[in-house]
Amino acid sequence: MELEKLQVVIGYEFLKHIRRKRLYVILGLALVAELAVIIFVPLLTKIGGYPSNIMTMATFLTVGPSMASLGAVFFAGDAIAGEYESKTGFILFTNPVKRTTLWVGKYIACLIAVALLMIFSYIITAVTLLAIYGNVPAEMYQSFGLALLFGAAFLSVTFFFSSVSKGAMGATVITLLLVFVLFGILESILMFTDNPTWFLLSTGGDSIGAVYGDYSVILGEFLPEGHELPFEIGALDVGLASMAMAVYMVVGFISSIFISNRRQLA
Amino acid sequence: MSEAIVIENLTKYYDKFLALEGLNLKVPANENVGLLGPNGAGKSTTLKIMCGLIRASSGKVYIDGIDISQKPEQALSKIGAIVETAEFYTFLTPSEILSYLGRLRGMQGQEMKSRIKEVIKLVGLERWIDVKVEKFSRGMKQRLALAQTLLHDPQILILDEPGLGLDPRGLVEFRQIIEEAGKEKTIFFASHQLTEVAQICEQIAIIDHGKLLIYDSTTELEKKYGTLEKAYLELTGGVS
C-alpha cells in the first residue's frame, strides 16, 4: 500500500518538474555549455583544431554533466522547505501517507529529473566524440556513473539543507556556497599543500572528468613547448572520491528524512 | 452515541508560550460543532494537532477512536480538512491536484474521475478544471480546498475558516455545501464568523487563552445569553 503511494508521489512530483521552467533552463544551459566546448575549443586553442587525444575532448565535454548536476540543487532546494514556506503542506500532510514516503518520493523524482539531464548531456558528448574521432571511450560509461553518483550526493546535501531551512532559496544558496565556494576553497588549499581532497563533495564532481586521465597529461597538449603546468595536480583517487560521494548521499538523505519527519507545520 | 472526535487534556507550548491548556472536548458523530474564540485563542493550534500537522506537548486527540499521534495515517484517512489558507502547487491544474490527493487516499480509475468532476461541479470550478492554479484567486483556491476536503467523502470534516477570501455569493454557496454535508457527517468548524457558525453548527465551543470557556448547544447559549454574539463577547471578556 505504501509502495503504491510512493509511486503516486514520484509520478506527481516528476510532473511538477516537467511543468516548471527550471528543467528546461538547466537543459538549455547544459546544451549551451556543450556547444561552447564544441565551437570554442578549435578556435581558441593553439593547436587550431580538436585535440588529438580523445580523452582530452571527453574531459572538456564533462562541462555538460557538471551543469546537469547543478539541476539537483534547483530541483531539491524547495522539495521539503517549499511545503512549509508556500504552505502547500497544509493540504499534502493532511492525507493518510507517511511523511517518509513523501520525502523518498520527492527524492526519487528529483533524481529521475537529474538523470534525464545527465543522459541528455552524455548523448551530446557521445555524438560529438563519434563525429570527431569515430569512437567513444569506455571511460565515458564510468564518467556517467560518477556523474549520477555526484548528482545523487548533491541532491542529498540539498535535501538536508531543505529540511532545516525556512525557505527554498536559503537551502539552494547554502548548498551552492558550501559545495562550490567553501569546498572549492578547501580543495585548492589542500591540493596546493599536497593533502588529500577525496572527502570533499567538490572533488567528487572532479572525478567525473578524472576518469579520462591525468589532468597534467590532458592539459599538456595546450601548453607551449617546453612549458609545464605552474603547479602539480595529484592524481585523483576515483574510488575514494566515489566512497565519499556515497557517504554524502546516504547521510544527507537519511538526516533530511529524520529532521523533516520531526518538523512541525505551525 | 459514539464520538467522532475526542480531545483529552490537550496542551501545547510554542517554546514558552502556552497556546493550549488542558483542553477537553468531545464531538459526537454526525454533530456539527463550531469552535469560536478570539485571535490567538488556540483554535488553529487545536485543528493543527487534530490533523497531525503539529505535536501536542501533552494530551491526546482521537479521531474516530484512533490516536492521531500514534496512528496518524489511519486517523487522517477518516478526515477531510482545510487548515489555514489553502495553497496548492501553482503549476498543476485542479484536475491533477485532486487526482494526486485522491490517489494518495487510494482512489483510482473512472470512479475517481467521476468523483473529481462531481466535487469540482459542487464548488463551482467546472470552467477551471484544467487551468493551472497559478491563475486562481484566493476565493477559487478556497473552493478547490473544499473540493479536496469532500473528494474522498470522509465522515469527519475539520474546517478552519473555510469561507476566507470568498465573495458574498461564494460564502452563501459554501455555507449551503457545508450544511448539506453536515447532515450526514461530523463537522468541526473553527471560525470568527458567528452567524456562519450559528447557521451550520448545533453545538458551540468557545475557547480563549487555550482554555475551554463553554461547550453547549447554540439554542442553550442563545437562551442563556440572549444572542450568540452576546455569549461570545461576555465569555471572552468583551463586555462587562
# chains A, B, ... in the order shown; residues from 1 in each chain; ligands from 1

$ closest_atom_pairs --of "chain B" --to "chain A" --cutoff "8 Å" --atoms "only C-alpha atoms" --output "Markdown table"
| residue | atom | partner | partner_atom | distance |
| --- | --- | --- | --- | --- |
| B:Thr45 | CA | A:Ala266 | CA | 7.7 |
| B:Lys48 | CA | A:Ala266 | CA | 7.5 |
| B:Cys51 | CA | A:Thr94 | CA | 5.9 |
| B:Gly52 | CA | A:Thr94 | CA | 7.1 |
| B:Leu53 | CA | A:Leu265 | CA | 5.3 |
| B:Ile54 | CA | A:Gln264 | CA | 4.9 |
| B:Arg55 | CA | A:Gln264 | CA | 7.2 |
| B:Pro72 | CA | A:Pro96 | CA | 7.2 |
| B:Glu73 | CA | A:Pro96 | CA | 4.1 |
| B:Gln74 | CA | A:Pro96 | CA | 6.6 |
| B:Ala75 | CA | A:Pro96 | CA | 7.7 |
| B:Leu76 | CA | A:Pro96 | CA | 5.1 |
| B:Ser77 | CA | A:Pro96 | CA | 5.2 |
| B:Gly80 | CA | A:Thr94 | CA | 7.7 |
| B:Ala81 | CA | A:Thr94 | CA | 6.9 |
| B:Ile82 | CA | A:Ile91 | CA | 7.2 |
| B:Val83 | CA | A:Phe90 | CA | 6.1 |
| B:Glu84 | CA | A:Phe90 | CA | 7.5 |
| B:Ala86 | CA | A:Ile91 | CA | 6.9 |
| B:Glu87 | CA | A:Thr88 | CA | 4.9 |
| B:Phe88 | CA | A:Thr88 | CA | 5.3 |
| B:Tyr89 | CA | A:Thr88 | CA | 6.8 |
| B:Phe91 | CA | A:Arg19 | CA | 6.2 |
| B:Leu92 | CA | A:Lys16 | CA | 7.2 |
| B:Tyr100 | CA | A:Tyr12 | CA | 6.6 |
| B:Leu101 | CA | A:Asn95 | CA | 7.3 |
| B:Arg103 | CA | A:Val8 | CA | 6.9 |
| B:Leu104 | CA | A:Lys5 | CA | 5.7 |
| B:Arg105 | CA | A:Pro96 | CA | 6.5 |
| B:Ala145 | CA | A:Ile91 | CA | 7.9 |

$ residues_around --residues "B:Glu126" --least-positions-apart "6" --cutoff "12 Å" --atoms "only C-alpha atoms" --output "list of chain:residue names"
B:Thr93, B:Pro94, B:Ser95, B:Ile116, B:Lys117, B:Glu118, B:Val119, B:Ile120, B:Met140, B:Arg143, B:Leu144, B:Ala147

$ write_last_selection --atoms "N, CA and C atoms" --output "mmCIF file, in the first residue's frame"
data_model
loop_
_atom_site.group_PDB
_atom_site.id
_atom_site.type_symbol
_atom_site.label_atom_id
_atom_site.label_comp_id
_atom_site.auth_asym_id
_atom_site.auth_seq_id
_atom_site.Cartn_x
_atom_site.Cartn_y
_atom_site.Cartn_z
ATOM 1 N N THR B 93 -3.057 21.672 -12.349
ATOM 2 C CA THR B 93 -4.465 22.067 -12.503
ATOM 3 C C THR B 93 -5.300 21.414 -11.384
ATOM 4 N N PRO B 94 -6.508 21.921 -11.130
ATOM 5 C CA PRO B 94 -7.360 21.283 -10.118
ATOM 6 C C PRO B 94 -7.556 19.783 -10.380
ATOM 7 N N SER B 95 -7.715 19.439 -11.649
ATOM 8 C CA SER B 95 -7.902 18.042 -12.005
ATOM 9 C C SER B 95 -6.685 17.203 -11.572
ATOM 10 N N ILE B 116 -14.117 13.427 -9.030
ATOM 11 C CA ILE B 116 -13.439 14.720 -9.192
ATOM 12 C C ILE B 116 -14.376 15.696 -9.894
ATOM 13 N N LYS B 117 -15.007 15.232 -10.963
ATOM 14 C CA LYS B 117 -15.941 16.093 -11.703
ATOM 15 C C LYS B 117 -17.090 16.538 -10.799
ATOM 16 N N GLU B 118 -17.542 15.595 -9.985
ATOM 17 C CA GLU B 118 -18.669 15.860 -9.086
ATOM 18 C C GLU B 118 -18.322 16.968 -8.079
ATOM 19 N N VAL B 119 -17.161 16.835 -7.418
ATOM 20 C CA VAL B 119 -16.821 17.831 -6.384
ATOM 21 C C VAL B 119 -16.419 19.171 -7.016
ATOM 22 N N ILE B 120 -15.848 19.113 -8.205
ATOM 23 C CA ILE B 120 -15.480 20.353 -8.902
ATOM 24 C C ILE B 120 -16.760 21.117 -9.269
ATOM 25 N N MET B 140 -11.034 31.209 -5.292
ATOM 26 C CA MET B 140 -11.040 29.984 -6.115
ATOM 27 C C MET B 140 -10.198 28.884 -5.456
ATOM 28 N N ARG B 143 -12.230 27.375 -2.834
ATOM 29 C CA ARG B 143 -13.213 26.439 -3.404
ATOM 30 C C ARG B 143 -12.549 25.091 -3.701
ATOM 31 N N LEU B 144 -11.330 25.163 -4.250
ATOM 32 C CA LEU B 144 -10.588 23.933 -4.538
ATOM 33 C C LEU B 144 -10.271 23.184 -3.241
ATOM 34 N N ALA B 147 -13.187 21.306 -2.285
ATOM 35 C CA ALA B 147 -13.335 20.136 -3.173
ATOM 36 C C ALA B 147 -12.446 18.985 -2.704
#

$ atom_distance --atom1 "atom CA of A:Ser260" --atom2 "atom CA of B:Asp160"
24.4 Å

$ residues_around --residues "B:Ile178" --least-positions-apart "6" --cutoff "12 Å" --atoms "only C-alpha atoms" --output "list in words"
Asn32, Leu122, Val123, Arg143, Leu146, Ala147, Thr149, Leu150, Ile156, Leu157, Ile158, Leu159, Pro162, Gly163, Leu171, Val172, Glu184, Lys185, Thr186, Ile187, Phe188, Phe189, Glu196, Val197, Gln199, Ile200 and Cys201 of chain B

$ write_last_selection --atoms "N, CA and C atoms" --output "PDB file, in the first residue's frame"
ATOM      1  N   ASN B  32     -22.509  18.807  14.284  1.00  0.00           N
ATOM      2  CA  ASN B  32     -21.709  19.906  13.734  1.00  0.00           C
ATOM      3  C   ASN B  32     -21.345  20.842  14.875  1.00  0.00           C
ATOM      4  N   LEU B 122     -19.611  20.803  -7.692  1.00  0.00           N
ATOM      5  CA  LEU B 122     -20.195  21.217  -6.414  1.00  0.00           C
ATOM      6  C   LEU B 122     -19.636  22.568  -5.943  1.00  0.00           C
ATOM      7  N   VAL B 123     -18.326  22.775  -6.129  1.00  0.00           N
ATOM      8  CA  VAL B 123     -17.710  24.031  -5.657  1.00  0.00           C
ATOM      9  C   VAL B 123     -17.667  25.087  -6.767  1.00  0.00           C
ATOM     10  N   ARG B 143     -12.230  27.375  -2.834  1.00  0.00           N
ATOM     11  CA  ARG B 143     -13.213  26.439  -3.404  1.00  0.00           C
ATOM     12  C   ARG B 143     -12.549  25.091  -3.701  1.00  0.00           C
ATOM     13  N   LEU B 146     -12.072  23.144  -0.585  1.00  0.00           N
ATOM     14  CA  LEU B 146     -13.290  22.450  -0.146  1.00  0.00           C
ATOM     15  C   LEU B 146     -13.511  21.196  -0.998  1.00  0.00           C
ATOM     16  N   ALA B 147     -13.187  21.306  -2.285  1.00  0.00           N
ATOM     17  CA  ALA B 147     -13.335  20.136  -3.173  1.00  0.00           C
ATOM     18  C   ALA B 147     -12.446  18.985  -2.704  1.00  0.00           C
ATOM     19  N   THR B 149     -11.425  18.486   0.233  1.00  0.00           N
ATOM     20  CA  THR B 149     -11.916  18.016   1.533  1.00  0.00           C
ATOM     21  C   THR B 149     -13.025  16.978   1.341  1.00  0.00           C
ATOM     22  N   LEU B 150     -13.863  17.211   0.334  1.00  0.00           N
ATOM     23  CA  LEU B 150     -15.025  16.341   0.122  1.00  0.00           C
ATOM     24  C   LEU B 150     -14.732  15.161  -0.816  1.00  0.00           C
ATOM     25  N   ILE B 156     -15.695  12.766   8.629  1.00  0.00           N
ATOM     26  CA  ILE B 156     -15.399  13.895   9.530  1.00  0.00           C
ATOM     27  C   ILE B 156     -14.747  15.034   8.735  1.00  0.00           C
ATOM     28  N   LEU B 157     -15.313  16.220   8.852  1.00  0.00           N
ATOM     29  CA  LEU B 157     -14.712  17.392   8.208  1.00  0.00           C
ATOM     30  C   LEU B 157     -14.150  18.316   9.280  1.00  0.00           C
ATOM     31  N   ILE B 158     -12.894  18.710   9.089  1.00  0.00           N
ATOM     32  CA  ILE B 158     -12.266  19.653  10.015  1.00  0.00           C
ATOM     33  C   ILE B 158     -11.975  20.911   9.212  1.00  0.00           C
ATOM     34  N   LEU B 159     -12.640  21.989   9.553  1.00  0.00           N
ATOM     35  CA  LEU B 159     -12.572  23.185   8.714  1.00  0.00           C
ATOM     36  C   LEU B 159     -12.126  24.395   9.526  1.00  0.00           C
ATOM     37  N   PRO B 162     -13.186  28.207   6.605  1.00  0.00           N
ATOM     38  CA  PRO B 162     -13.279  27.788   5.197  1.00  0.00           C
ATOM     39  C   PRO B 162     -13.791  28.876   4.254  1.00  0.00           C
ATOM     40  N   GLY B 163     -14.456  29.888   4.812  1.00  0.00           N
ATOM     41  CA  GLY B 163     -15.012  30.943   3.949  1.00  0.00           C
ATOM     42  C   GLY B 163     -14.050  32.081   3.659  1.00  0.00           C
ATOM     43  N   LEU B 171     -19.655  32.766  -0.277  1.00  0.00           N
ATOM     44  CA  LEU B 171     -19.902  32.431   1.134  1.00  0.00           C
ATOM     45  C   LEU B 171     -21.232  31.697   1.306  1.00  0.00           C
ATOM     46  N   VAL B 172     -22.251  32.214   0.611  1.00  0.00           N
ATOM     47  CA  VAL B 172     -23.575  31.574   0.695  1.00  0.00           C
ATOM     48  C   VAL B 172     -23.505  30.154   0.131  1.00  0.00           C
ATOM     49  N   GLU B 184     -25.016  14.480   7.135  1.00  0.00           N
ATOM     50  CA  GLU B 184     -24.610  13.080   7.332  1.00  0.00           C
ATOM     51  C   GLU B 184     -23.151  12.929   7.758  1.00  0.00           C
ATOM     52  N   LYS B 185     -22.527  14.061   8.111  1.00  0.00           N
ATOM     53  CA  LYS B 185     -21.131  13.992   8.540  1.00  0.00           C
ATOM     54  C   LYS B 185     -20.937  14.733   9.861  1.00  0.00           C
ATOM     55  N   THR B 186     -19.761  14.518  10.452  1.00  0.00           N
ATOM     56  CA  THR B 186     -19.386  15.298  11.626  1.00  0.00           C
ATOM     57  C   THR B 186     -18.559  16.479  11.131  1.00  0.00           C
ATOM     58  N   ILE B 187     -18.943  17.671  11.578  1.00  0.00           N
ATOM     59  CA  ILE B 187     -18.164  18.843  11.161  1.00  0.00           C
ATOM     60  C   ILE B 187     -17.620  19.551  12.389  1.00  0.00           C
ATOM     61  N   PHE B 188     -16.319  19.788  12.372  1.00  0.00           N
ATOM     62  CA  PHE B 188     -15.676  20.562  13.425  1.00  0.00           C
ATOM     63  C   PHE B 188     -15.141  21.812  12.741  1.00  0.00           C
ATOM     64  N   PHE B 189     -15.703  22.943  13.114  1.00  0.00           N
ATOM     65  CA  PHE B 189     -15.628  24.125  12.281  1.00  0.00           C
ATOM     66  C   PHE B 189     -15.111  25.322  13.097  1.00  0.00           C
ATOM     67  N   GLU B 196     -22.157  32.601  10.638  1.00  0.00           N
ATOM     68  CA  GLU B 196     -21.844  31.419   9.821  1.00  0.00           C
ATOM     69  C   GLU B 196     -21.871  30.155  10.693  1.00  0.00           C
ATOM     70  N   VAL B 197     -21.227  30.247  11.842  1.00  0.00           N
ATOM     71  CA  VAL B 197     -21.164  29.108  12.758  1.00  0.00           C
ATOM     72  C   VAL B 197     -22.562  28.763  13.264  1.00  0.00           C
ATOM     73  N   GLN B 199     -25.352  29.179  11.835  1.00  0.00           N
ATOM     74  CA  GLN B 199     -26.201  28.567  10.805  1.00  0.00           C
ATOM     75  C   GLN B 199     -25.838  27.107  10.544  1.00  0.00           C
ATOM     76  N   ILE B 200     -24.601  26.770  10.757  1.00  0.00           N
ATOM     77  CA  ILE B 200     -24.143  25.414  10.415  1.00  0.00           C
ATOM     78  C   ILE B 200     -24.114  24.475  11.627  1.00  0.00           C
ATOM     79  N   CYS B 201     -23.771  25.022  12.800  1.00  0.00           N
ATOM     80  CA  CYS B 201     -23.479  24.144  13.942  1.00  0.00           C
ATOM     81  C   CYS B 201     -24.596  24.112  14.988  1.00  0.00           C
TER      82      CYS B 201
END

$ residues_around --residues "A:Leu116" --least-positions-apart "6" --cutoff "12 Å" --atoms "only C-alpha atoms" --output "VMD selection string"
chain A and resid 14 17 to 18 23 to 24 26 to 27 30 65 68 to 69 71 to 72 109 to 110 122 to 123 144 147 to 148 151

$ atom_distance --atom1 "atom CA of A:Tyr50" --atom2 "atom CA of A:Leu35"
13.5 Å

$ closest_residue --among "A:Leu102, A:Leu149, A:Met243, A:Ala33" --to "A:Ile124" --atoms "only C-alpha atoms"
A:Ala33

$ residues_around --residues "B:Ile207" --least-positions-apart "5" --cutoff "7 Å" --atoms "only C-alpha atoms" --output "list in words"
Leu36, Gly37, Ala41, Leu212 and Leu213 of chain B

$ select_by_dssp --residues "stretch 17-206 of chain B" --states "helix (DSSP H, G or I)" --output "number ranges by chain"
B: 43-50, 72-76, 94-104, 109-122, 126-128, 133-135, 138-150, 168-182, 194-200

$ write_last_selection --atoms "C-alpha atoms" --output "PDB file, in the first residue's frame"
ATOM      1  CA  LYS B  43      -8.377  27.381  17.556  1.00  0.00           C
ATOM      2  CA  SER B  44      -5.872  26.814  14.760  1.00  0.00           C
ATOM      3  CA  THR B  45      -3.452  25.080  17.132  1.00  0.00           C
ATOM      4  CA  THR B  46      -6.225  22.654  18.126  1.00  0.00           C
ATOM      5  CA  LEU B  47      -7.073  21.932  14.487  1.00  0.00           C
ATOM      6  CA  LYS B  48      -3.414  21.507  13.508  1.00  0.00           C
ATOM      7  CA  ILE B  49      -2.900  18.928  16.259  1.00  0.00           C
ATOM      8  CA  MET B  50      -6.085  17.158  15.145  1.00  0.00           C
ATOM      9  CA  PRO B  72      -1.586   9.356  12.052  1.00  0.00           C
ATOM     10  CA  GLU B  73      -2.215   7.746   8.651  1.00  0.00           C
ATOM     11  CA  GLN B  74      -5.132   5.716   9.975  1.00  0.00           C
ATOM     12  CA  ALA B  75      -6.639   8.744  11.717  1.00  0.00           C
ATOM     13  CA  LEU B  76      -6.120  11.022   8.696  1.00  0.00           C
ATOM     14  CA  PRO B  94      -7.360  21.283 -10.118  1.00  0.00           C
ATOM     15  CA  SER B  95      -7.902  18.042 -12.005  1.00  0.00           C
ATOM     16  CA  GLU B  96      -4.267  16.992 -11.459  1.00  0.00           C
ATOM     17  CA  ILE B  97      -4.190  18.101  -7.831  1.00  0.00           C
ATOM     18  CA  LEU B  98      -7.378  16.210  -6.991  1.00  0.00           C
ATOM     19  CA  SER B  99      -6.088  13.124  -8.839  1.00  0.00           C
ATOM     20  CA  TYR B 100      -2.869  13.308  -6.809  1.00  0.00           C
ATOM     21  CA  LEU B 101      -4.686  13.641  -3.475  1.00  0.00           C
ATOM     22  CA  GLY B 102      -7.334  11.095  -4.474  1.00  0.00           C
ATOM     23  CA  ARG B 103      -4.715   8.517  -5.391  1.00  0.00           C
ATOM     24  CA  LEU B 104      -2.912   9.133  -2.091  1.00  0.00           C
ATOM     25  CA  GLY B 109      -9.812   4.853 -12.224  1.00  0.00           C
ATOM     26  CA  GLN B 110     -13.130   6.031 -13.583  1.00  0.00           C
ATOM     27  CA  GLU B 111     -14.652   6.207 -10.123  1.00  0.00           C
ATOM     28  CA  MET B 112     -12.098   8.801  -9.070  1.00  0.00           C
ATOM     29  CA  LYS B 113     -12.509  10.781 -12.306  1.00  0.00           C
ATOM     30  CA  SER B 114     -16.277  10.928 -11.834  1.00  0.00           C
ATOM     31  CA  ARG B 115     -15.901  11.966  -8.214  1.00  0.00           C
ATOM     32  CA  ILE B 116     -13.439  14.720  -9.192  1.00  0.00           C
ATOM     33  CA  LYS B 117     -15.941  16.093 -11.703  1.00  0.00           C
ATOM     34  CA  GLU B 118     -18.669  15.860  -9.086  1.00  0.00           C
ATOM     35  CA  VAL B 119     -16.821  17.831  -6.384  1.00  0.00           C
ATOM     36  CA  ILE B 120     -15.480  20.353  -8.902  1.00  0.00           C
ATOM     37  CA  LYS B 121     -19.067  20.994 -10.015  1.00  0.00           C
ATOM     38  CA  LEU B 122     -20.195  21.217  -6.414  1.00  0.00           C
ATOM     39  CA  GLU B 126     -16.063  23.409 -13.781  1.00  0.00           C
ATOM     40  CA  ARG B 127     -14.665  26.043 -16.157  1.00  0.00           C
ATOM     41  CA  TRP B 128     -11.315  25.999 -14.341  1.00  0.00           C
ATOM     42  CA  VAL B 133      -3.769  27.088 -10.125  1.00  0.00           C
ATOM     43  CA  GLU B 134      -1.312  29.971 -10.659  1.00  0.00           C
ATOM     44  CA  LYS B 135      -4.221  31.827 -12.315  1.00  0.00           C
ATOM     45  CA  ARG B 138      -7.882  33.422  -3.162  1.00  0.00           C
ATOM     46  CA  GLY B 139     -11.563  32.509  -3.303  1.00  0.00           C
ATOM     47  CA  MET B 140     -11.040  29.984  -6.115  1.00  0.00           C
ATOM     48  CA  LYS B 141      -8.261  28.303  -4.138  1.00  0.00           C
ATOM     49  CA  GLN B 142     -10.606  28.110  -1.181  1.00  0.00           C
ATOM     50  CA  ARG B 143     -13.213  26.439  -3.404  1.00  0.00           C
ATOM     51  CA  LEU B 144     -10.588  23.933  -4.538  1.00  0.00           C
ATOM     52  CA  ALA B 145      -9.681  23.345  -0.895  1.00  0.00           C
ATOM     53  CA  LEU B 146     -13.290  22.450  -0.146  1.00  0.00           C
ATOM     54  CA  ALA B 147     -13.335  20.136  -3.173  1.00  0.00           C
ATOM     55  CA  GLN B 148     -10.297  18.210  -1.892  1.00  0.00           C
ATOM     56  CA  THR B 149     -11.916  18.016   1.533  1.00  0.00           C
ATOM     57  CA  LEU B 150     -15.025  16.341   0.122  1.00  0.00           C
ATOM     58  CA  PRO B 168     -20.688  37.073  -0.615  1.00  0.00           C
ATOM     59  CA  ARG B 169     -22.144  34.718  -3.228  1.00  0.00           C
ATOM     60  CA  GLY B 170     -19.291  32.278  -2.612  1.00  0.00           C
ATOM     61  CA  LEU B 171     -19.902  32.431   1.134  1.00  0.00           C
ATOM     62  CA  VAL B 172     -23.575  31.574   0.695  1.00  0.00           C
ATOM     63  CA  GLU B 173     -22.745  28.699  -1.674  1.00  0.00           C
ATOM     64  CA  PHE B 174     -20.062  27.434   0.715  1.00  0.00           C
ATOM     65  CA  ARG B 175     -22.437  27.529   3.656  1.00  0.00           C
ATOM     66  CA  GLN B 176     -25.014  25.546   1.673  1.00  0.00           C
ATOM     67  CA  ILE B 177     -22.450  22.903   0.691  1.00  0.00           C
ATOM     68  CA  ILE B 178     -21.191  22.537   4.260  1.00  0.00           C
ATOM     69  CA  GLU B 179     -24.729  22.500   5.670  1.00  0.00           C
ATOM     70  CA  GLU B 180     -25.685  19.784   3.188  1.00  0.00           C
ATOM     71  CA  ALA B 181     -22.573  17.768   4.018  1.00  0.00           C
ATOM     72  CA  GLY B 182     -23.233  18.281   7.726  1.00  0.00           C
ATOM     73  CA  LEU B 194     -20.559  33.933  14.479  1.00  0.00           C
ATOM     74  CA  THR B 195     -23.522  33.981  12.091  1.00  0.00           C
ATOM     75  CA  GLU B 196     -21.844  31.419   9.821  1.00  0.00           C
ATOM     76  CA  VAL B 197     -21.164  29.108  12.758  1.00  0.00           C
ATOM     77  CA  ALA B 198     -24.667  29.575  14.146  1.00  0.00           C
ATOM     78  CA  GLN B 199     -26.201  28.567  10.805  1.00  0.00           C
ATOM     79  CA  ILE B 200     -24.143  25.414  10.415  1.00  0.00           C
TER      80      ILE B 200
END

$ residues_around --residues "A:Val73" --least-positions-apart "5" --cutoff "12 Å" --atoms "only C-alpha atoms" --output "MDAnalysis selection string"
chainID A and resid 22:23 26 66:68 78:79 107 110:111 113:114 150:162 168:180
